>>> print(open('query-v7.tsv').read())   # TSV, C-alpha atoms and all ligand atoms
chain	number	residue	atom	x	y	z
A	1	MET	CA	0.00	0.00	0.00
A	2	ILE	CA	3.03	2.29	-0.28
A	3	LEU	CA	3.02	4.40	-3.40
A	4	HIS	CA	5.98	4.51	-5.75
A	5	PRO	CA	7.64	7.90	-5.42
A	6	PHE	CA	6.38	10.57	-7.83
A	7	GLU	CA	6.62	14.29	-8.31
A	8	TYR	CA	3.37	16.11	-7.59
A	9	HIS	CA	2.35	19.09	-9.75
A	10	ALA	CA	-0.56	21.42	-9.02
A	11	PRO	CA	-1.10	23.68	-12.05
A	12	GLU	CA	-3.59	26.52	-11.76
A	13	THR	CA	-4.44	26.92	-15.42
A	14	LEU	CA	-5.39	24.52	-18.19
A	15	GLU	CA	-2.42	25.70	-20.24
A	16	GLU	CA	0.01	24.87	-17.40
A	17	ALA	CA	-1.55	21.41	-17.03
A	18	VAL	CA	-1.21	20.71	-20.74
A	19	ASP	CA	2.38	22.01	-20.78
A	20	LEU	CA	3.33	19.76	-17.86
A	21	ALA	CA	1.81	16.74	-19.62
A	22	GLU	CA	3.76	17.62	-22.75
A	23	LYS	CA	6.98	18.02	-20.76
A	24	TYR	CA	6.77	14.70	-18.89
A	25	GLY	CA	4.97	12.72	-21.63
A	26	GLU	CA	4.49	8.99	-20.98
A	27	ASP	CA	5.74	9.40	-17.41
A	28	SER	CA	2.87	11.69	-16.38
A	29	LYS	CA	-0.76	11.21	-15.38
A	30	PHE	CA	-3.61	13.62	-14.65
A	31	LEU	CA	-5.32	13.34	-11.28
A	32	ALA	CA	-8.89	14.56	-10.64
A	33	GLY	CA	-10.77	13.24	-7.58
A	34	GLY	CA	-8.11	10.56	-7.14
A	35	GLN	CA	-10.68	7.99	-6.12
A	36	SER	CA	-9.68	5.46	-8.75
A	37	LEU	CA	-6.14	6.50	-9.61
A	38	ILE	CA	-4.80	6.63	-6.04
A	39	PRO	CA	-6.10	3.14	-5.11
A	40	LEU	CA	-4.54	1.78	-8.33
A	41	MET	CA	-1.23	3.39	-7.37
A	42	LYS	CA	-1.47	2.12	-3.81
A	43	LEU	CA	-2.07	-1.41	-5.05
A	44	GLY	CA	0.97	-1.12	-7.28
A	45	LEU	CA	-1.15	-1.61	-10.41
A	46	PHE	CA	-0.12	1.74	-11.81
A	47	SER	CA	2.74	4.15	-11.27
A	48	SER	CA	3.83	7.40	-12.82
A	49	GLY	CA	6.81	9.67	-12.21
A	50	HIS	CA	4.71	12.83	-12.44
A	51	VAL	CA	1.18	13.27	-11.15
A	52	ILE	CA	-0.54	16.39	-12.47
A	53	ASP	CA	-3.38	17.35	-10.14
A	54	LEU	CA	-6.16	19.12	-12.06
A	55	GLY	CA	-7.96	20.03	-8.82
A	56	ARG	CA	-6.67	23.62	-8.70
A	57	VAL	CA	-7.14	24.42	-12.37
A	58	ARG	CA	-9.46	27.40	-12.54
A	59	GLY	CA	-12.58	27.72	-14.66
A	60	LEU	CA	-13.35	24.05	-15.29
A	61	ASP	CA	-16.07	23.46	-12.70
A	62	HIS	CA	-18.93	25.31	-14.40
A	63	ILE	CA	-22.48	24.09	-15.01
A	64	ARG	CA	-24.21	26.49	-17.38
A	65	LYS	CA	-26.64	26.70	-20.24
A	66	GLU	CA	-25.50	28.57	-23.31
A	67	ASP	CA	-27.25	28.72	-26.69
A	68	GLY	CA	-29.43	25.72	-25.87
A	69	VAL	CA	-26.49	23.64	-24.68
A	70	LEU	CA	-25.91	22.41	-21.13
A	71	ALA	CA	-22.15	22.80	-20.71
A	72	ILE	CA	-20.52	21.03	-17.77
A	73	GLY	CA	-16.84	21.59	-16.95
A	74	GLY	CA	-14.63	18.53	-16.53
A	75	LEU	CA	-14.03	19.46	-12.90
A	76	ALA	CA	-17.70	19.96	-11.92
A	77	LYS	CA	-18.31	17.70	-8.95
A	78	MET	CA	-21.01	15.02	-9.18
A	79	ALA	CA	-22.50	16.50	-5.99
A	80	ASP	CA	-22.97	19.86	-7.73
A	81	ILE	CA	-24.46	18.14	-10.78
A	82	GLU	CA	-26.84	16.20	-8.52
A	83	GLY	CA	-28.13	19.45	-6.98
A	84	SER	CA	-28.31	21.51	-10.16
A	85	ARG	CA	-31.78	22.62	-11.29
A	86	LEU	CA	-30.28	23.44	-14.67
A	87	VAL	CA	-29.12	19.84	-15.13
A	88	GLU	CA	-32.45	18.46	-13.95
A	89	GLN	CA	-34.29	20.53	-16.56
A	90	ALA	CA	-31.88	20.02	-19.45
A	91	CYS	CA	-30.78	16.41	-18.97
A	92	PRO	CA	-32.65	14.66	-16.13
A	93	ALA	CA	-30.87	11.37	-16.90
A	94	LEU	CA	-27.73	13.00	-15.55
A	95	THR	CA	-29.49	13.89	-12.31
A	96	ASP	CA	-30.80	10.30	-12.00
A	97	CYS	CA	-27.26	9.10	-12.56
A	98	ALA	CA	-25.52	11.55	-10.20
A	99	VAL	CA	-27.75	10.72	-7.22
A	100	SER	CA	-27.11	7.01	-7.78
A	101	ILE	CA	-23.32	7.23	-7.58
A	102	ALA	CA	-21.87	5.81	-4.37
A	103	ASP	CA	-22.39	8.18	-1.42
A	104	PRO	CA	-22.15	11.94	-0.78
A	105	LEU	CA	-18.46	11.63	0.10
A	106	VAL	CA	-17.59	10.11	-3.27
A	107	ARG	CA	-19.83	12.58	-5.11
A	108	ASN	CA	-18.21	15.50	-3.31
A	109	MET	CA	-14.74	14.30	-4.29
A	110	GLY	CA	-15.33	13.14	-7.83
A	111	PRO	CA	-15.80	15.42	-10.82
A	112	ILE	CA	-17.61	14.31	-13.98
A	113	GLY	CA	-14.34	14.35	-15.95
A	114	GLY	CA	-12.84	11.64	-13.74
A	115	ASN	CA	-15.93	9.48	-14.07
A	116	VAL	CA	-15.83	9.48	-17.86
A	117	CYS	CA	-12.05	9.54	-18.38
A	118	HIS	CA	-11.54	6.55	-16.11
A	119	ALA	CA	-13.86	4.65	-18.51
A	120	ASP	CA	-14.70	1.94	-16.02
A	121	PRO	CA	-17.45	-0.19	-17.64
A	122	ALA	CA	-19.28	-0.04	-14.30
A	123	ASN	CA	-19.28	3.76	-14.13
A	124	ASP	CA	-22.67	5.41	-14.63
A	125	VAL	CA	-21.97	8.69	-16.44
A	126	PRO	CA	-20.65	7.10	-19.69
A	127	ALA	CA	-24.07	5.52	-20.37
A	128	VAL	CA	-25.79	8.89	-20.01
A	129	ALA	CA	-23.17	10.60	-22.18
A	130	VAL	CA	-23.60	7.99	-24.94
A	131	ALA	CA	-27.41	7.96	-24.82
A	132	SER	CA	-27.42	11.78	-24.88
A	133	GLY	CA	-25.09	12.05	-27.84
A	134	ALA	CA	-23.01	14.34	-25.62
A	135	GLU	CA	-20.06	16.19	-27.06
A	136	MET	CA	-16.69	15.77	-25.35
A	137	VAL	CA	-14.35	18.77	-25.51
A	138	LEU	CA	-10.67	17.89	-25.23
A	139	VAL	CA	-7.75	20.29	-24.93
A	140	GLY	CA	-4.13	19.40	-25.61
A	141	ARG	CA	-0.99	20.90	-27.07
A	142	GLN	CA	-2.54	20.79	-30.54
A	143	GLY	CA	-5.49	22.88	-29.32
A	144	GLU	CA	-9.12	21.94	-28.82
A	145	ARG	CA	-11.02	19.12	-30.47
A	146	ARG	CA	-14.51	17.74	-30.03
A	147	MET	CA	-15.99	14.32	-30.46
A	148	LYS	CA	-19.24	12.53	-29.73
A	149	ALA	CA	-19.37	10.38	-26.60
A	150	GLN	CA	-20.05	7.38	-28.84
A	151	GLN	CA	-16.52	7.78	-30.23
A	152	PHE	CA	-14.90	8.61	-26.89
A	153	PHE	CA	-15.26	5.28	-25.07
A	154	LEU	CA	-13.05	2.70	-26.76
A	155	ASP	CA	-12.49	-0.14	-24.29
A	156	THR	CA	-12.07	-0.96	-20.59
A	157	PHE	CA	-10.27	2.02	-18.99
A	158	THR	CA	-9.51	3.31	-22.50
A	159	THR	CA	-10.82	6.45	-24.16
A	160	ALA	CA	-10.02	8.35	-27.34
A	161	ALA	CA	-8.40	11.16	-25.32
A	162	GLY	CA	-4.80	11.44	-26.44
A	163	ARG	CA	-1.87	11.51	-24.02
A	164	GLY	CA	-1.71	14.95	-22.48
A	165	GLU	CA	-5.29	15.88	-23.41
A	166	VAL	CA	-7.58	17.21	-20.68
A	167	LEU	CA	-11.33	16.69	-20.85
A	168	LYS	CA	-12.37	20.31	-20.52
A	169	GLU	CA	-16.13	20.10	-20.91
A	170	ILE	CA	-19.07	17.84	-21.73
A	171	ARG	CA	-21.93	19.38	-23.73
A	172	PHE	CA	-25.55	18.21	-23.85
A	173	ASP	CA	-28.20	19.50	-26.26
A	174	ALA	CA	-30.77	20.78	-23.74
A	175	GLU	CA	-33.79	20.47	-26.04
A	176	ARG	CA	-32.98	16.94	-27.19
A	177	CYS	CA	-31.95	15.63	-23.74
A	178	ARG	CA	-35.00	16.88	-21.84
A	179	GLY	CA	-36.70	13.51	-22.40
A	180	SER	CA	-34.04	11.36	-20.77
A	181	ALA	CA	-33.72	8.97	-17.84
A	182	TYR	CA	-31.22	6.63	-16.19
A	183	ILE	CA	-32.21	3.45	-14.36
A	184	LYS	CA	-29.64	1.65	-12.23
A	185	LEU	CA	-30.07	-1.79	-10.76
A	186	GLN	CA	-27.90	-2.18	-7.68
A	187	LEU	CA	-27.73	-4.45	-4.68
A	188	GLN	CA	-27.48	-1.65	-2.12
A	189	ALA	CA	-27.98	2.08	-2.50
A	190	THR	CA	-24.24	2.89	-2.57
A	191	ASP	CA	-23.13	0.10	-4.92
A	192	PHE	CA	-21.85	0.16	-8.46
A	193	ALA	CA	-24.48	-0.90	-10.99
A	194	ILE	CA	-25.28	-4.55	-11.62
A	195	VAL	CA	-26.73	-3.16	-14.85
A	196	GLY	CA	-27.74	0.39	-15.80
A	197	ALA	CA	-29.55	1.91	-18.76
A	198	ALA	CA	-29.78	5.49	-19.97
A	199	ALA	CA	-32.36	6.45	-22.56
A	200	ARG	CA	-33.12	9.65	-24.42
A	201	LEU	CA	-36.14	10.33	-26.61
A	202	TRP	CA	-36.86	13.36	-28.70
A	203	VAL	CA	-40.53	13.25	-29.65
A	204	HIS	CA	-42.09	15.24	-32.45
A	205	ASP	CA	-45.72	15.05	-33.67
A	206	GLY	CA	-46.37	11.74	-31.92
A	207	THR	CA	-43.27	10.15	-33.46
A	208	VAL	CA	-39.88	9.45	-31.88
A	209	GLY	CA	-37.54	11.65	-33.88
A	210	GLU	CA	-34.41	10.54	-32.04
A	211	CYS	CA	-33.59	7.75	-29.60
A	212	GLY	CA	-30.35	7.25	-27.69
A	213	ILE	CA	-29.52	4.32	-25.41
A	214	GLY	CA	-26.40	3.58	-23.32
A	215	LEU	CA	-25.85	0.55	-21.09
A	216	THR	CA	-23.63	0.21	-18.01
A	217	GLY	CA	-22.06	-3.01	-16.75
A	218	VAL	CA	-22.79	-5.31	-19.68
A	219	GLY	CA	-19.60	-5.17	-21.72
A	220	PRO	CA	-15.93	-4.21	-21.69
A	221	THR	CA	-16.97	-0.58	-21.94
A	222	VAL	CA	-20.25	1.35	-22.05
A	223	LEU	CA	-22.52	-0.28	-24.62
A	224	HIS	CA	-24.22	1.67	-27.38
A	225	PRO	CA	-26.94	-0.68	-28.71
A	226	LYS	CA	-27.61	0.77	-32.14
A	227	LYS	CA	-30.15	-1.87	-33.21
A	228	ALA	CA	-32.22	-1.14	-30.11
A	229	GLU	CA	-32.12	2.58	-30.88
A	230	GLY	CA	-33.17	1.84	-34.45
A	231	ALA	CA	-36.24	-0.05	-33.24
A	232	VAL	CA	-37.52	3.07	-31.46
A	233	GLN	CA	-36.37	5.79	-33.81
A	234	GLY	CA	-39.14	6.78	-36.18
A	235	SER	CA	-41.75	4.72	-34.30
A	236	ARG	CA	-45.19	6.08	-33.49
A	237	LEU	CA	-46.04	6.45	-29.80
A	238	GLY	CA	-48.25	3.67	-28.55
A	239	THR	CA	-46.56	0.89	-30.53
A	240	ASP	CA	-44.58	-1.91	-28.90
A	241	ALA	CA	-41.26	-0.45	-30.06
A	242	PHE	CA	-39.95	-0.25	-26.47
A	243	SER	CA	-40.37	-4.00	-25.89
A	244	ARG	CA	-38.56	-4.72	-29.14
A	245	ALA	CA	-35.78	-2.26	-28.22
A	246	ALA	CA	-35.38	-3.85	-24.78
A	247	GLU	CA	-35.04	-7.30	-26.39
A	248	LEU	CA	-32.47	-5.99	-28.86
A	249	ALA	CA	-30.47	-4.17	-26.16
A	250	ALA	CA	-30.27	-7.37	-24.12
A	251	ALA	CA	-29.23	-9.31	-27.22
A	252	GLU	CA	-26.40	-6.83	-27.86
A	253	ALA	CA	-25.25	-6.95	-24.21
A	254	ARG	CA	-22.11	-8.93	-23.40
A	255	PRO	CA	-22.08	-9.21	-19.60
A	256	VAL	CA	-19.76	-11.47	-17.63
A	257	SER	CA	-20.59	-13.36	-14.45
A	258	ASP	CA	-19.10	-11.84	-11.30
A	259	LEU	CA	-19.98	-11.11	-7.67
A	260	ARG	CA	-22.83	-8.86	-8.81
A	261	GLY	CA	-24.62	-11.62	-10.73
A	262	THR	CA	-24.45	-14.19	-13.49
A	263	ALA	CA	-24.16	-13.18	-17.13
A	264	GLU	CA	-27.64	-14.61	-17.78
A	265	TYR	CA	-29.18	-12.58	-14.96
A	266	LYS	CA	-27.52	-9.37	-16.16
A	267	GLN	CA	-28.67	-9.99	-19.74
A	268	GLU	CA	-32.25	-10.40	-18.53
A	269	MET	CA	-31.96	-7.29	-16.35
A	270	ALA	CA	-30.58	-5.28	-19.28
A	271	LYS	CA	-33.97	-5.83	-20.89
A	272	VAL	CA	-35.83	-4.62	-17.81
A	273	VAL	CA	-33.76	-1.47	-17.17
A	274	THR	CA	-33.76	-0.50	-20.86
A	275	ARG	CA	-37.53	-0.66	-21.02
A	276	ARG	CA	-37.95	1.31	-17.78
A	277	ALA	CA	-35.46	3.95	-18.89
A	278	LEU	CA	-37.34	4.36	-22.19
A	279	GLU	CA	-40.67	4.67	-20.37
A	280	ASN	CA	-39.32	7.31	-17.96
A	281	ALA	CA	-37.66	9.18	-20.81
A	282	LEU	CA	-40.96	9.23	-22.71
A	283	LYS	CA	-42.82	10.76	-19.77
A	284	ARG	CA	-40.21	13.50	-19.55
A	285	ALA	CA	-40.25	14.03	-23.31
A	286	GLY	CA	-43.93	14.85	-23.02
A	287	GLY	CA	-45.14	11.59	-24.52
A	288	GLY	CA	-47.21	10.73	-21.44
A	289	ARG	CA	-48.15	7.20	-20.53
A	290	ARG	CA	-48.35	4.64	-23.29
B	1	LIG	C1	-16.32	3.82	-2.88
B	1	LIG	C2	-16.53	4.24	-4.31
B	1	LIG	C3	-17.73	3.97	-4.91
B	1	LIG	C4	-17.97	4.38	-6.23
B	1	LIG	N1	-19.19	4.11	-6.80
B	1	LIG	C5	-19.44	4.53	-8.07
B	1	LIG	C6	-20.70	4.32	-8.69
B	1	LIG	O1	-21.64	3.76	-8.12
B	1	LIG	N2	-20.86	4.78	-9.97
B	1	LIG	C7	-19.86	5.42	-10.65
B	1	LIG	O2	-20.07	5.82	-11.79
B	1	LIG	N3	-18.67	5.64	-10.09
B	1	LIG	C8	-18.42	5.21	-8.83
B	1	LIG	N4	-17.20	5.43	-8.28
B	1	LIG	C9	-16.16	6.06	-9.11
B	1	LIG	C10	-16.08	7.54	-8.84
B	1	LIG	O3	-17.36	8.13	-8.99
B	1	LIG	C11	-15.14	8.30	-9.79
B	1	LIG	O4	-15.81	8.57	-10.98
B	1	LIG	C12	-13.97	7.57	-10.23
B	1	LIG	O5	-13.29	7.10	-9.07
B	1	LIG	C13	-12.98	8.42	-11.09
B	1	LIG	O6	-13.08	9.78	-10.82
B	1	LIG	P1	-11.92	10.59	-10.11
B	1	LIG	O7	-12.25	12.02	-10.28
B	1	LIG	O8	-11.69	10.10	-8.76
B	1	LIG	O9	-10.71	10.27	-11.10
B	1	LIG	P2	-9.18	9.96	-10.80
B	1	LIG	O10	-9.08	8.73	-9.97
B	1	LIG	O11	-8.48	11.16	-10.32
B	1	LIG	O12	-8.70	9.67	-12.30
B	1	LIG	C14	-9.21	8.57	-13.04
B	1	LIG	C15	-8.63	8.61	-14.47
B	1	LIG	O13	-9.21	9.68	-15.21
B	1	LIG	C16	-8.16	10.56	-15.72
B	1	LIG	N5	-8.75	11.93	-15.68
B	1	LIG	C17	-9.50	12.44	-14.65
B	1	LIG	N6	-9.97	13.66	-14.99
B	1	LIG	C18	-9.52	13.92	-16.24
B	1	LIG	C19	-9.68	15.02	-17.15
B	1	LIG	N7	-10.44	16.09	-16.85
B	1	LIG	N8	-9.08	14.95	-18.36
B	1	LIG	C20	-8.32	13.87	-18.69
B	1	LIG	N9	-8.14	12.80	-17.88
B	1	LIG	C21	-8.72	12.82	-16.68
B	1	LIG	C22	-6.98	10.33	-14.80
B	1	LIG	O14	-5.75	10.61	-15.46
B	1	LIG	C23	-7.14	8.84	-14.52
B	1	LIG	O15	-6.62	8.07	-15.59
B	1	LIG	C24	-16.95	5.04	-6.96
B	1	LIG	C25	-15.71	5.30	-6.33
B	1	LIG	C26	-15.51	4.93	-5.03
B	1	LIG	C27	-14.18	5.25	-4.40
>>> encode(input="query-v7.tsv", output="structure tokens")
Amino acid sequence: MILHPFEYHAPETLEEAVDLAEKYGEDSKFLAGGQSLIPLMKLGLFSSGHVIDLGRVRGLDHIRKEDGVLAIGGLAKMADIEGSRLVEQACPALTDCAVSIADPLVRNMGPIGGNVCHADPANDVPAVAVASGAEMVLVGRQGERRMKAQQFFLDTFTTAAGRGEVLKEIRFDAERCRGSAYIKLQLQATDFAIVGAAARLWVHDGTVGECGIGLTGVGPTVLHPKKAEGAVQGSRLGTDAFSRAAELAAAEARPVSDLRGTAEYKQEMAKVVTRRALENALKRAGGGRR
């Protein structure tokens, strides 16, 4: 449990953080809430000569709405997201998700950037980001670049963020994410998900114009079940498209058996949480009860 020695850096601006990462390259690592990285270092599973703490970087903890977009800084704490009226109105799935994460201590320590950049397949925010079609804003030495959440999550603990790139902001289309929900199945209130599903519906003239779905805990990384989305997209309200989508989402799921449950159980539960997330999303999208 003794950490390998490392040099600790506490930059105060994004530019300084990026410069430090450039200077120390492969031998450096960003630190946010430290809730995953520090245990990994203590267990000797990861070490780095230079730890760059993002905690004091100014101007990255905002939650604001601008031009119809809910913009959340990479250092905004999950506790602040949980309590934000703006988030609840623009992307209620994110509120559902924030309140379900661990306990207040963890939510007070951990910013949204750490949750997504760690890319743990059991983390909750990636499913909401994928279902929402959120835009990830990365900043590195080459400047700023943006990508959809669907392209950001590559594999277990692996994202498309390049070495030395900081996740500066996550952006949600407030109009299109208003009809969204996250359902998490867990053993106890503070646990990681056995299975989780985020759904987003944008309804227009009695038809689902857009559908997004993201699944937690049923694959090596967050799952984006495109066939399930396709079953709902373009469907008229009142059809059995949700049942079909839930079946397809479960069929696309690739869970493994572990202490939280067998693969078969998780696959079955993927169906249940997907359907419930779609139903809750529909109510919030103004589609009412079906
Ligand atoms: C007891 C406990 C219970 C938990 N339960 C849940 C749960 O139910 N659901 C859930 O979703 N999560 C859960 N978590 C995880 C937690 O919410 C954090 O999301 C997670 O630990 C990572 O966030 P962090 O800020 O601590 O990141 P860190 O540990 O500091 O960093 C993790 C990784 O992300 C990188 N990183 C962090 N921020 C950035 C950035 N802005 N730009 C680029 N790279 C970055 C770091 O370099 C590192 O590789 C739990 C954690 C604990 C300790």
>>> closest_residue(input="query-v7.tsv", among="A:Val137, A:Ala10, A:Leu31, A:Ile170", to="Lys65 in chain A", atoms="only C-alpha atoms")
A:Ile170
>>> residues_around(input="query-v7.tsv", residues="Ser235 in chain A", least_positions_apart="5", cutoff="12 Å", atoms="all atoms listed in the file", output="list in words")
Leu201, Trp202, Val203, His204, Asp205, Gly206, Thr207, Val208, Gly209, Glu210, Cys211, Ala228, Glu229, Gly230, Asp240, Ala241, Phe242, Arg244 and Ala245 of chain A
>>> atom_distance(input="query-v7.tsv", atom1="CA of Ala71 in chain A", atom2="CA of Arg56 in chain A")
19.6 Å
>>> residues_near_ligand(input="query-v7.tsv", ligand="ligand LIG 1 (chain B)", cutoff="7 Å", atoms="all atoms listed in the file", output="PyMOL selection string")
chain A and resi 29-38+74-75+100-102+106-107+109-118+122-125+165-168+190-193
>>> closest_residue(input="query-v7.tsv", among="A:Gly219, A:Gly164, A:Gly59, A:Gly286", to="Glu26 in chain A", atoms="all atoms listed in the file")
A:Gly164
>>> closest_residue(input="query-v7.tsv", among="A:Ala79, A:Ala181, A:Leu223, A:Ala197", to="Ala149 in chain A", atoms="all atoms listed in the file")
A:Leu223
>>> atom_distance(input="query-v7.tsv", atom1="CA of Ile213 in chain A", atom2="CA of Gly238 in chain A")
19.0 Å
>>> residues_around(input="query-v7.tsv", residues="range 82-95 of chain A", least_positions_apart="6", cutoff="8 Å", atoms="all atoms listed in the file", output="compact mmCIF listing (two decimals) with C-alpha atoms, keeping the file's coordinate frame")
# COMPACT_ATOMS: atom_id res chain seq x y z
CA ILE A 63 -22.48 24.09 -15.01
CA ARG A 64 -24.21 26.49 -17.38
CA LYS A 65 -26.64 26.70 -20.24
CA LEU A 70 -25.91 22.41 -21.13
CA VAL A 125 -21.97 8.69 -16.44
CA VAL A 128 -25.79 8.89 -20.01
CA PHE A 172 -25.55 18.21 -23.85
CA ASP A 173 -28.20 19.50 -26.26
CA ALA A 174 -30.77 20.78 -23.74
CA GLU A 175 -33.79 20.47 -26.04
CA CYS A 177 -31.95 15.63 -23.74
CA ARG A 178 -35.00 16.88 -21.84
CA GLY A 179 -36.70 13.51 -22.40
CA SER A 180 -34.04 11.36 -20.77
CA ALA A 181 -33.72 8.97 -17.84
CA TYR A 182 -31.22 6.63 -16.19
CA ALA A 198 -29.78 5.49 -19.97
CA ALA A 199 -32.36 6.45 -22.56
>>> atom_distance(input="query-v7.tsv", atom1="CA of Ala231 in chain A", atom2="CA of Val256 in chain A")
25.4 Å
>>> closest_residue(input="query-v7.tsv", among="A:Lys184, A:Arg284, A:Lys23, A:His4", to="Lys266 in chain A", atoms="all atoms listed in the file")
A:Lys184
>>> residues_around(input="query-v7.tsv", residues="Asp258 in chain A", least_positions_apart="4", cutoff="10 Å", atoms="only C-alpha atoms", output="list of chain:residue names")
A:Ile194, A:Thr262, A:Ala263
>>> closest_residue(input="query-v7.tsv", among="A:Gly55, A:Gly49, A:Gly261, A:Pro39", to="Leu187 in chain A", atoms="only C-alpha atoms")
A:Gly261
>>> closest_residue(input="query-v7.tsv", among="A:Ile183, A:Ala17, A:Val130, A:Ala246", to="Leu154 in chain A", atoms="all atoms listed in the file")
A:Val130
